[in-house]
Amino acid sequence: DVKVTQSSRYLVKRTGEKVFLECVQDMDHENMFWYRQDPGLGLRLIYFSYDVKMKEKGDIPEGYSVSREKKERFSLILESASTNQTSMYLCASSWRGYQPQHFGDGTRLSIL
Amino acid sequence: GNSVTQMEGPVTLSEEAFLTINCTYTATGYPSLFWYVQYPGEGLQLLLKATKADDKGSNKGFEATYRKETTSFHLEKGSVQVSDSAVYFCALNSGGGADGLTFGKGTHLIIQP
């Protein structure tokens, strides 16, 4: 079974902090994704990566950056956390092509 | 751009009732279509998929047929169980796989015993 592991289930940070969310997958997938999930808005794509050191902006990249130094690891970075970034963050990975994405269990992030 | 529209909940049914959750989409090209399910406190799990017109995806008693003429991918199950209570997301991918999925807003399904 594909395993996508997010480093924290729950995280509480303060406004202005730099926050790192880590995601690791064990299936050698080329593609990795970060989404945020908010009530009434569903899931929205923040960033994705189709190869090591490659990144593409999704629908809502503002206030975020990403890093993919190794194929199995994809990090989401909140450069200066703000309260409107309080949300559930979901990482996913997939093979190339029209393959389904496999999701981690999510990180519920609260910015105080 | 791409978009997915699905009925918003909550949808409340009795056990053994017939389930339909509607999903329609707008997309460029020929998208692949997916249904994902999210149980409380968990991430999303792939429920079923269809990659071309008239394909039927099925899993765990759930079915959905890719209807290109009506741009729809409705989820159905003949007899729901309490354990089916969850949030269901319809999604599409039309970017060759390297792009992210476009999701509907999710339908919260509640099954009462």
# chains A, B, ... in the order shown; residues from 1 in each chain; ligands from 1
>>> interface_residues(of="chain B", to="chain A", cutoff="9 Å", atoms="only C-alpha atoms", output="count of residues only")
27
>>> residues_around(residues="Thr83 (chain A)", least_positions_apart="5", cutoff="8 Å", atoms="only C-alpha atoms", output="JSON, numbers by chain")
{"A": [15, 110, 111, 112]}
>>> write_last_selection(atoms="C-alpha atoms", output="short mmCIF file (atom, residue, chain, number, x, y, z; two decimals), in the first residue's frame")
data_model
loop_
_atom_site.label_atom_id
_atom_site.label_comp_id
_atom_site.auth_asym_id
_atom_site.auth_seq_id
_atom_site.Cartn_x
_atom_site.Cartn_y
_atom_site.Cartn_z
CA THR A 15 1.56 34.84 13.97
CA SER A 110 -3.74 26.66 14.05
CA ILE A 111 -2.11 30.08 13.89
CA LEU A 112 -2.71 32.14 17.03
#
>>> residues_around(residues="region 2-7 of chain B", least_positions_apart="2", cutoff="8 Å", atoms="only C-alpha atoms", output="list in words")
Gly9, Ile21, Asn22, Cys23, Thr24, Tyr25, Thr26, Ala27, Thr28, Cys90, Ala91, Leu92, Thr102, Phe103, Gly104, Lys105, Gly106 and Thr107 of chain B
>>> atom_distance(atom1="CA of Thr71 (chain B)", atom2="CA of Gly1 (chain B)")
14.5 Å
>>> atom_distance(atom1="CA of Lys70 (chain A)", atom2="CA of Val24 (chain A)")
9.6 Å
>>> select_by_dssp(residues="chain B", states="strand (DSSP E or B)", output="MDAnalysis selection string")
chainID B and resid 3:6 11:14 19:21 23:26 32:38 44:50 56:59 62:65 67 72 75:77 86:93 102:103 107:112
>>> residues_around(residues="Glu63 (chain B)", least_positions_apart="6", cutoff="6 Å", atoms="only C-alpha atoms", output="list in words")
Gly57, Leu75 and Glu76 of chain B
>>> decode(residues="region 13-37 of chain A", atoms="N, CA, C and O atoms", output="compact mmCIF listing (two decimals), in the first residue's frame")
# COMPACT_ATOMS: atom_id res chain seq x y z
N LYS A 13 0.96 27.33 16.08
CA LYS A 13 2.06 28.28 15.91
C LYS A 13 1.53 29.70 16.13
O LYS A 13 0.32 29.93 16.19
N ARG A 14 2.46 30.64 16.21
CA ARG A 14 2.10 32.03 16.45
C ARG A 14 2.25 32.85 15.17
O ARG A 14 3.06 32.53 14.29
N THR A 15 1.48 33.91 15.10
CA THR A 15 1.56 34.84 13.97
C THR A 15 2.99 35.31 13.77
O THR A 15 3.68 35.65 14.74
N GLY A 16 3.43 35.31 12.50
CA GLY A 16 4.77 35.77 12.18
C GLY A 16 5.83 34.69 12.18
O GLY A 16 6.94 34.92 11.64
N GLU A 17 5.54 33.52 12.75
CA GLU A 17 6.52 32.44 12.76
C GLU A 17 6.69 31.85 11.36
O GLU A 17 5.78 31.90 10.53
N LYS A 18 7.84 31.27 11.13
CA LYS A 18 8.07 30.49 9.91
C LYS A 18 7.72 29.04 10.24
O LYS A 18 8.22 28.48 11.21
N VAL A 19 6.83 28.47 9.43
CA VAL A 19 6.28 27.14 9.74
C VAL A 19 6.63 26.18 8.61
O VAL A 19 6.50 26.51 7.43
N PHE A 20 7.06 24.99 9.00
CA PHE A 20 7.40 23.94 8.03
C PHE A 20 6.45 22.76 8.22
O PHE A 20 6.33 22.22 9.31
N LEU A 21 5.82 22.34 7.13
CA LEU A 21 5.01 21.12 7.12
C LEU A 21 5.71 20.13 6.20
O LEU A 21 6.02 20.44 5.06
N GLU A 22 5.94 18.93 6.74
CA GLU A 22 6.72 17.94 6.00
C GLU A 22 5.83 16.79 5.53
O GLU A 22 4.89 16.38 6.22
N CYS A 23 6.17 16.26 4.37
CA CYS A 23 5.43 15.15 3.79
C CYS A 23 6.41 14.19 3.13
O CYS A 23 7.29 14.61 2.37
N VAL A 24 6.23 12.90 3.41
CA VAL A 24 7.10 11.87 2.83
C VAL A 24 6.23 10.77 2.24
O VAL A 24 5.27 10.33 2.86
N GLN A 25 6.59 10.33 1.02
CA GLN A 25 5.88 9.20 0.40
C GLN A 25 6.87 8.08 0.09
O GLN A 25 8.05 8.34 -0.18
N ASP A 26 6.36 6.85 0.13
CA ASP A 26 7.27 5.70 0.03
C ASP A 26 7.10 4.91 -1.26
O ASP A 26 7.52 3.76 -1.35
N MET A 27 6.45 5.52 -2.28
CA MET A 27 6.17 4.76 -3.50
C MET A 27 6.91 5.27 -4.72
O MET A 27 6.55 4.95 -5.84
N ASP A 28 7.93 6.11 -4.51
CA ASP A 28 8.73 6.60 -5.64
C ASP A 28 7.88 7.38 -6.65
O ASP A 28 8.17 7.39 -7.85
N HIS A 29 6.84 8.04 -6.19
CA HIS A 29 5.97 8.83 -7.07
C HIS A 29 6.69 10.06 -7.57
O HIS A 29 7.43 10.72 -6.83
N GLU A 30 6.43 10.39 -8.83
CA GLU A 30 7.03 11.61 -9.40
C GLU A 30 6.33 12.87 -8.88
O GLU A 30 6.97 13.88 -8.62
N ASN A 31 5.00 12.81 -8.78
CA ASN A 31 4.23 14.01 -8.47
C ASN A 31 3.90 14.10 -6.98
O ASN A 31 3.53 13.10 -6.36
N MET A 32 4.01 15.30 -6.45
CA MET A 32 3.58 15.55 -5.07
C MET A 32 2.83 16.88 -5.01
O MET A 32 3.10 17.78 -5.81
N PHE A 33 1.88 16.97 -4.07
CA PHE A 33 0.94 18.08 -4.03
C PHE A 33 0.73 18.53 -2.59
O PHE A 33 0.74 17.72 -1.66
N TRP A 34 0.41 19.82 -2.44
CA TRP A 34 -0.09 20.35 -1.17
C TRP A 34 -1.42 21.04 -1.42
O TRP A 34 -1.55 21.87 -2.32
N TYR A 35 -2.43 20.67 -0.59
CA TYR A 35 -3.75 21.27 -0.63
C TYR A 35 -4.06 21.83 0.76
O TYR A 35 -3.54 21.36 1.76
N ARG A 36 -4.97 22.81 0.79
CA ARG A 36 -5.58 23.15 2.06
C ARG A 36 -7.09 22.91 1.95
O ARG A 36 -7.67 23.06 0.86
N GLN A 37 -7.67 22.49 3.09
CA GLN A 37 -9.08 22.15 3.14
C GLN A 37 -9.76 23.04 4.15
O GLN A 37 -9.37 23.07 5.33
